[in-house]
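Below is one structure; the comments refer to it alone.
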Amino acid sequence: MLYIKAGENEYELKTTLGVVKALETKSKKTLNELMAEFAKGATVDEMLATFRAGLPDSEYKAFEQDVLDNFDLITIQKHCDEFFIRLCFGGTPEEQEEKIEAFPASVRRKNIMRRALGLPEKEEETETIVTLDGKTISTSDRSSGPDTE
């Protein structure tokens with residue numbers, strides 16, 4: 001579940017596989033494709049439509065109005081990112097941590113996921129390299145590959 005407070009109201013969005021299926025059916029794209037498109041930028045209407053899949057029909061209009069009246073662009077994007085993460089990493093905090101650990105990403109990327117799920121972050125690994133000319137170079141997980149930001 002994901003709880004979103006908008007204005008005076010708090011909404012409970014389902015984050016089950018059924019929601020993923022509804023999103024994929026409606027968009028005719030996989031969840032991974034949707035997330036990649038949203039990472040490039042999504043309209044407010046696209047983000048609202050994504051949330052709709054997790055809400056009961058009877059609550060959607062009120063939710064939409066509360067979001068439009070109370071959120072700015074960064075706030076709705078943040079909640080949309082969290083919604084996607086919760087769709088991928090359901091379960092108890094222990095189960096979520098286990099899934100994140102198994103996920104092929106840098107510690108930095110995994111910490112972004114942990115933060116969105118309210119889990120404790122892990123320290124990034126730092127490696128010290130001594131070059132042939134005696135200089136010391138310190139690297140961290142931030143530069144470990146294409147999944148870093």
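Labeling convention for the structure tokens: chains A, B, ... as they appear, residues from 1 per chain, ligands from 1 in order of appearance.
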Exercise. From the DSSP assignment of the backbone, select every residue of stretch 3-72 of chain A that is alpha helix (DSSP H), and format the answer as number ranges by chain.
Key: A: 17-27, 31-40, 44-52, 57-70
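In this model, the gap between atom CA of A:Pro104 and atom CA of A:Phe89 comes to 13.7 Å.
If you look at atom CA of A:Glu46 and atom CA of A:Leu23, they are 11.2 Å away from each other.
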Exercise. Skip A:Leu48 itself and residues of its chain fewer than 4 positions away, then list as a PyMOL selection string all residues within 7 Å of it, counting only C-alpha atoms.
Key: chain A and resi 44+52+64
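Nearest residue to A:Glu10 among A:Asp66, A:Glu24, A:Asp133, A:Glu95 is A:Asp66, counting only C-alpha atoms.
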Quiz item: Which residue out of A:Arg86, A:Lys122, A:Arg109, A:Lys5 has the minimum interatomic distance to A:Val67 when only C-alpha atoms are used?
Solution: A:Lys5
Exercise. Using only C-alpha atoms, pick whichever of A:Asp69, A:Glu59, A:Asp45, A:Glu33 has the shortest atom-to-atom distance to A:Gly7.
Key: A:Asp69
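Remark: for A:Phe38, the closest of the candidate residues A:Phe83, A:Phe71, A:Tyr60, A:Tyr3 is A:Phe83 (distances computed over only C-alpha atoms).
Here the question is which of A:Thr131, A:Ser106, A:Thr43, A:Thr16 gets nearest to A:Ile74 using only C-alpha atoms, and that residue is A:Thr43.
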